[in-house]
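Step one of this worksheet: look at the structure below.
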There are 2 protein chains.
Amino acid sequence: MTTQQLVSEIKKKKSFLCIGLDVDLDKIPAHLLQEEDPIFAFNKAIIDATHHLCVAYKPNTAFYEAYGIKGWKSLEKTINYINEKHPEIFTIADAKRGDIGNTSTMYAKAFFEDLAFDSVTVAPYMGKDSVEPFLAFEDKHTIMLALTSNQGAFDFQTKTVDGKELYKQVIETSKSWKNSQNLMYVVGATKAEYLADIRKIIPDSFLLVPGVGAQGGSLEEVCKYGMTDDTVGLLINSSRGIIYASNGNDFAEVAATKATELQQQMENILK
Amino acid sequence: MTTQQLVSEIKKKKSFLCIGLDVDLDKIPAHLLQEEDPIFAFNKAIIDATHHLCVAYKPNTAFYEAYGIKGWKSLEKTINYINEKHPEIFTIADAKRGDIGNTSTMYAKAFFEDLAFDSVTVAPYMGKDSVEPFLAFEDKHTIMLALTSNQGAFDFQTKTVDGKELYKQVIETSKSWKNSQNLMYVVGATKAEYLADIRKIIPDSFLLVPGVGAQGGSLEEVCKYGMTDDTVGLLINSSRGIIYASNGNDFAEVAATKATELQQQMENILK
């Protein structure tokens, strides 16, 4: 999917919502545990109830790997279901991968070819040659961690490197990498005020913003500092606040209600 | 496995060799492709031929994920085979994971519980609360990236942060994390001269050292600067230089020959 197609979807749906599909068997409604594939059954119900309200789905791979081969099968069924039923929706494998060159190529194949995701999240610590193998895939997007939403972000990311915070160095440096036009960045909503500075470095790039809702970030603040004029430039992720809003039989319906609330707020902001 | 058990194995085998099981179907002998599970068939032959020469095996998860569910099954069969046949061998899931707290817990479950690895590699970019969930598993080890063997290590890891290189800050900071006694560190052999400084910060911790062989690092240099007095404190990894030394019918035999060469060099150094 091209960036232009993503922007069109955002304008059509009046939404820049991304729903995180982080399925924990301890948290889903008990009746689903009798299904052959409870994880996929849960995801399918959430997708059926919310696809018109969001422009992206983001399964976090950890939640699937924790269940081994069965989990990986559920992930495969989930991405295939989205791609078949709703090919207009942008898909993100939230995997936070990164390794030496030939190994990053294998990860890129895993998420872009074996599982046909539109994008994958990567970690920057190993530098240019650990990220460029992902960028080499045309029509795919690589979403690099810049400033994350957790407390640990202050351990290294905000430390000063050569007169500039590490997360800014990471963003700045990545602009010179081959096919950097395929880069997006993760910036946590819990640090919305940092977005003004980030926009000075990358005025147009898309940002994937976790941390709205359960982690305490504010949608209004993020949009105030991070939204771009023409293309919106933001994907706001909510996971737990939507998918676990109810663990009764009405979980999908309540998820849709929660997603609608966010979509409505977004529609108001887009006006 | 405890660190003491690992040290005992090193002394018994006179080896601190780790063999990387990075299986690429384009590189293994053609006759194996007719097997039901070519990746496992390859690993089994390598393990059968080399288990007396090494103290650790390190499958890199990227090479398995690239083949989807089939690859994940091969990984599961490989770790189960090692644990059943050679429980004295230390196992490393080279996965370079790291995410916010509840998500890192899911990754830890994936590698420590679902797949019963002794250790997993993690990335430090997201800080303390992304690594501590791994450290919470007693009798397991968490191997954190410090200074990697690739060129991209110079992009951020060696940059100066508050008067000290980032990789040193990462190591120094991690010493204060909960259960930090379960930490080991990745330090590339291609940067052996840095090991002297690293040993000033962590005199006793085990280091996993990639980059000997195919990437050009020197075993002698690594041992000169990185070896500890009593416990050796090093696991030297070789992947391609051993497992792809031949792609004929004699691949396992030639892998054993290459592993023996390294083991012999290690035995001489240990004298």
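Residues in the structure tokens are numbered from 1 in each chain, the chains being A, B, ... in the order shown, and ligands are numbered from 1 in the order shown.
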
Quiz item: For chain B, which residues have at least one atom within 6 Å of chain A, if we go by only C-alpha atoms? Write them as a list in words, please.
Solution: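 Residues passing the distance filter: Ala62, Phe63, Glu65, Ala66, Met106, Tyr107, Lys109, Ala110, Met126, Gly127, Lys128, Asp129, Gly152, Ala153, Asp155, Thr160 and Val161 of chain B.
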
With N, CA and C atoms retained, export the selected residues as a PDB file, in the first residue's frame.
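Below is the file result19.pdb, written as the result:
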```pdb
ATOM      1  N   ALA B  62      15.242 -15.275  13.123  1.00  0.00           N
ATOM      2  CA  ALA B  62      14.878 -14.722  11.809  1.00  0.00           C
ATOM      3  C   ALA B  62      14.844 -15.806  10.737  1.00  0.00           C
ATOM      4  N   PHE B  63      15.816 -16.720  10.801  1.00  0.00           N
ATOM      5  CA  PHE B  63      15.944 -17.741   9.760  1.00  0.00           C
ATOM      6  C   PHE B  63      14.790 -18.746   9.819  1.00  0.00           C
ATOM      7  N   GLU B  65      11.578 -17.789  11.248  1.00  0.00           N
ATOM      8  CA  GLU B  65      10.378 -16.994  10.959  1.00  0.00           C
ATOM      9  C   GLU B  65      10.191 -16.771   9.462  1.00  0.00           C
ATOM     10  N   ALA B  66      11.307 -16.683   8.731  1.00  0.00           N
ATOM     11  CA  ALA B  66      11.209 -16.440   7.288  1.00  0.00           C
ATOM     12  C   ALA B  66      10.444 -17.558   6.590  1.00  0.00           C
ATOM     13  N   MET B 106       5.454 -11.407  27.368  1.00  0.00           N
ATOM     14  CA  MET B 106       4.975 -12.390  26.388  1.00  0.00           C
ATOM     15  C   MET B 106       6.147 -12.983  25.596  1.00  0.00           C
ATOM     16  N   TYR B 107       7.107 -12.144  25.217  1.00  0.00           N
ATOM     17  CA  TYR B 107       8.297 -12.660  24.518  1.00  0.00           C
ATOM     18  C   TYR B 107       9.078 -13.619  25.424  1.00  0.00           C
ATOM     19  N   LYS B 109       7.911 -15.441  27.797  1.00  0.00           N
ATOM     20  CA  LYS B 109       7.177 -16.706  27.842  1.00  0.00           C
ATOM     21  C   LYS B 109       7.413 -17.522  26.576  1.00  0.00           C
ATOM     22  N   ALA B 110       7.446 -16.833  25.436  1.00  0.00           N
ATOM     23  CA  ALA B 110       7.641 -17.535  24.160  1.00  0.00           C
ATOM     24  C   ALA B 110       8.954 -18.320  24.166  1.00  0.00           C
ATOM     25  N   MET B 126      14.693   0.381  24.374  1.00  0.00           N
ATOM     26  CA  MET B 126      13.508   0.792  25.141  1.00  0.00           C
ATOM     27  C   MET B 126      13.743   0.802  26.657  1.00  0.00           C
ATOM     28  N   GLY B 127      14.958   0.484  27.101  1.00  0.00           N
ATOM     29  CA  GLY B 127      15.319   0.691  28.496  1.00  0.00           C
ATOM     30  C   GLY B 127      14.872  -0.376  29.478  1.00  0.00           C
ATOM     31  N   LYS B 128      15.060  -0.007  30.743  1.00  0.00           N
ATOM     32  CA  LYS B 128      14.866  -0.893  31.883  1.00  0.00           C
ATOM     33  C   LYS B 128      13.591  -1.744  31.859  1.00  0.00           C
ATOM     34  N   ASP B 129      12.438  -1.087  31.707  1.00  0.00           N
ATOM     35  CA  ASP B 129      11.186  -1.841  31.822  1.00  0.00           C
ATOM     36  C   ASP B 129      10.904  -2.732  30.615  1.00  0.00           C
ATOM     37  N   GLY B 152      26.985  -0.840  11.272  1.00  0.00           N
ATOM     38  CA  GLY B 152      25.976   0.049  11.852  1.00  0.00           C
ATOM     39  C   GLY B 152      26.157   0.295  13.344  1.00  0.00           C
ATOM     40  N   ALA B 153      27.016  -0.486  13.993  1.00  0.00           N
ATOM     41  CA  ALA B 153      27.316  -0.257  15.412  1.00  0.00           C
ATOM     42  C   ALA B 153      27.857   1.150  15.639  1.00  0.00           C
ATOM     43  N   ASP B 155      26.856   3.799  14.116  1.00  0.00           N
ATOM     44  CA  ASP B 155      25.828   4.836  13.924  1.00  0.00           C
ATOM     45  C   ASP B 155      25.389   5.443  15.254  1.00  0.00           C
ATOM     46  N   THR B 160      28.945   9.366  21.752  1.00  0.00           N
ATOM     47  CA  THR B 160      29.165   9.759  23.141  1.00  0.00           C
ATOM     48  C   THR B 160      27.901  10.326  23.790  1.00  0.00           C
ATOM     49  N   VAL B 161      27.517   9.735  24.899  1.00  0.00           N
ATOM     50  CA  VAL B 161      26.334  10.134  25.661  1.00  0.00           C
ATOM     51  C   VAL B 161      26.792  10.540  27.057  1.00  0.00           C
TER      52      VAL B 161
END
```

Practice problem: Please provide the set of residues having any atom within 7 Å of region 196-208 of chain A, restricted to only C-alpha atoms, with same-chain residues fewer than 4 positions apart removed, written as a ChimeraX atom specification. | Solution: /A:172,184-187,225-226,228,233-236

Go ahead and write the residues just picked, all heavy atoms, as a tab-separated table (two decimals), in the first residue's frame.
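As a result, selection-v1.tsv now contains:
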```
chain	number	residue	atom	x	y	z
A	172	GLU	N	17.21	11.85	12.64
A	172	GLU	CA	18.05	12.65	11.73
A	172	GLU	C	18.93	11.75	10.86
A	172	GLU	O	18.97	11.88	9.63
A	172	GLU	CB	18.94	13.58	12.58
A	172	GLU	CG	19.76	14.58	11.81
A	172	GLU	CD	18.94	15.81	11.43
A	172	GLU	OE1	18.29	16.38	12.33
A	172	GLU	OE2	18.95	16.17	10.24
A	184	MET	N	8.62	5.20	8.52
A	184	MET	CA	7.73	5.88	9.44
A	184	MET	C	8.39	5.75	10.82
A	184	MET	O	9.39	5.04	10.95
A	184	MET	CB	6.34	5.23	9.45
A	184	MET	CG	5.62	5.24	8.12
A	184	MET	SD	3.99	4.41	8.25
A	184	MET	CE	3.31	4.71	6.61
A	185	TYR	N	7.86	6.41	11.85
A	185	TYR	CA	8.51	6.39	13.16
A	185	TYR	C	7.50	6.16	14.28
A	185	TYR	O	6.37	6.64	14.21
A	185	TYR	CB	9.24	7.73	13.40
A	185	TYR	CG	10.30	8.01	12.36
A	185	TYR	CD1	9.98	8.65	11.17
A	185	TYR	CD2	11.62	7.61	12.56
A	185	TYR	CE1	10.94	8.89	10.19
A	185	TYR	CE2	12.59	7.85	11.59
A	185	TYR	CZ	12.24	8.49	10.41
A	185	TYR	OH	13.21	8.71	9.45
A	186	VAL	N	7.94	5.47	15.32
A	186	VAL	CA	7.13	5.30	16.52
A	186	VAL	C	7.45	6.44	17.49
A	186	VAL	O	8.62	6.63	17.86
A	186	VAL	CB	7.42	3.95	17.23
A	186	VAL	CG1	6.67	3.87	18.57
A	186	VAL	CG2	7.03	2.78	16.33
A	187	VAL	N	6.43	7.19	17.86
A	187	VAL	CA	6.59	8.25	18.88
A	187	VAL	C	5.42	8.11	19.87
A	187	VAL	O	4.26	8.21	19.48
A	187	VAL	CB	6.58	9.66	18.26
A	187	VAL	CG1	6.74	10.71	19.35
A	187	VAL	CG2	7.68	9.80	17.22
A	225	TYR	N	0.51	18.85	18.31
A	225	TYR	CA	1.95	18.97	18.02
A	225	TYR	C	2.41	18.11	16.84
A	225	TYR	O	3.48	18.36	16.28
A	225	TYR	CB	2.77	18.57	19.25
A	225	TYR	CG	2.58	19.48	20.43
A	225	TYR	CD1	1.95	19.05	21.60
A	225	TYR	CD2	3.05	20.80	20.38
A	225	TYR	CE1	1.78	19.89	22.69
A	225	TYR	CE2	2.88	21.66	21.47
A	225	TYR	CZ	2.25	21.19	22.61
A	225	TYR	OH	2.08	22.04	23.69
A	226	GLY	N	1.64	17.09	16.47
A	226	GLY	CA	2.19	16.12	15.52
A	226	GLY	C	1.50	16.04	14.17
A	226	GLY	O	2.06	15.47	13.23
A	228	THR	N	0.15	16.78	10.46
A	228	THR	CA	0.60	17.56	9.31
A	228	THR	C	-0.60	18.17	8.61
A	228	THR	O	-1.73	17.72	8.80
A	228	THR	CB	1.37	16.68	8.31
A	228	THR	OG1	0.49	15.65	7.85
A	228	THR	CG2	2.59	16.03	8.96
A	233	GLY	N	-0.60	12.49	8.67
A	233	GLY	CA	0.72	12.08	9.15
A	233	GLY	C	0.74	11.35	10.47
A	233	GLY	O	1.79	11.20	11.09
A	234	LEU	N	-0.41	10.91	10.93
A	234	LEU	CA	-0.48	10.22	12.23
A	234	LEU	C	-1.30	8.95	12.12
A	234	LEU	O	-2.34	8.93	11.44
A	234	LEU	CB	-1.15	11.12	13.28
A	234	LEU	CG	-0.46	12.40	13.71
A	234	LEU	CD1	-1.40	13.20	14.62
A	234	LEU	CD2	0.86	12.11	14.44
A	235	LEU	N	-0.84	7.91	12.79
A	235	LEU	CA	-1.67	6.73	13.07
A	235	LEU	C	-1.67	6.58	14.57
A	235	LEU	O	-0.62	6.39	15.19
A	235	LEU	CB	-1.06	5.48	12.42
A	235	LEU	CG	-1.13	5.40	10.89
A	235	LEU	CD1	-0.30	4.22	10.39
A	235	LEU	CD2	-2.58	5.29	10.42
A	236	ILE	N	-2.84	6.74	15.17
A	236	ILE	CA	-2.95	6.67	16.62
A	236	ILE	C	-3.38	5.26	17.00
A	236	ILE	O	-4.44	4.80	16.58
A	236	ILE	CB	-4.01	7.66	17.14
A	236	ILE	CG1	-3.71	9.08	16.66
A	236	ILE	CG2	-4.14	7.56	18.66
A	236	ILE	CD1	-2.58	9.76	17.37
```

Quiz prompt | Expected answer as a ChimeraX atom specification: helix (DSSP H, G or I) residues in region 10-247 of chain B | solution = /B:10-13,30-34,38-50,61-65,68-85,101-114,128-135,153-156,166-174,180-182,189-201,219-226,240-243

Practice problem: Excluding region 44-51 of chain A and any residue of its chain fewer than 5 positions from it, enumerate the residues within 8 Å of it, using only C-alpha atoms, and give them as a ChimeraX atom specification. | Solution: /A:78,81-82,86,89,243,252-253,255-256,259

Self-check item: Of the listed residues A:Ser8, A:Gln263, A:Ser119, A:Ser239, that which approaches Asn182 (chain A) most closely, counting only C-alpha atoms
Solution: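 Looking only at the distances to Asn182 (chain A), the closest residue turns out to be A:Ser119.
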
Quiz prompt | Selection near region 35-38 of chain B, 8 Å with only C-alpha atoms, sequence-local residues under 3 positions removed, as a list in words | solution =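 What passes the distance filter is Leu25, His31, Leu32, Ala41, Phe42 and Ser74 of chain B.
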
Quiz item: For Ile39 (chain B), which residue out of B:Ala214, B:Cys223, B:Ile10, B:Leu21 is the nearest one, using only C-alpha atoms?
Solution: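 Nearest to Ile39 (chain B): B:Leu21.
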
Exercise. Compare A:Ile19, A:Ala30, A:Leu195, A:Met144 by their minimum atom-to-atom distance to Thr91 (chain A), counting only C-alpha atoms, and give me the closest one.
Key: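 Under the stated criterion, the closest residue is A:Ile19.
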
Quiz item: Any idea what's packed within 7 Å of Asp118 (chain A), counting only C-alpha atoms, ignoring anything in its chain fewer than 6 positions away? Could you give it as a PyMOL selection string?
Solution: chain A and resi 1+90-92+112+140-141
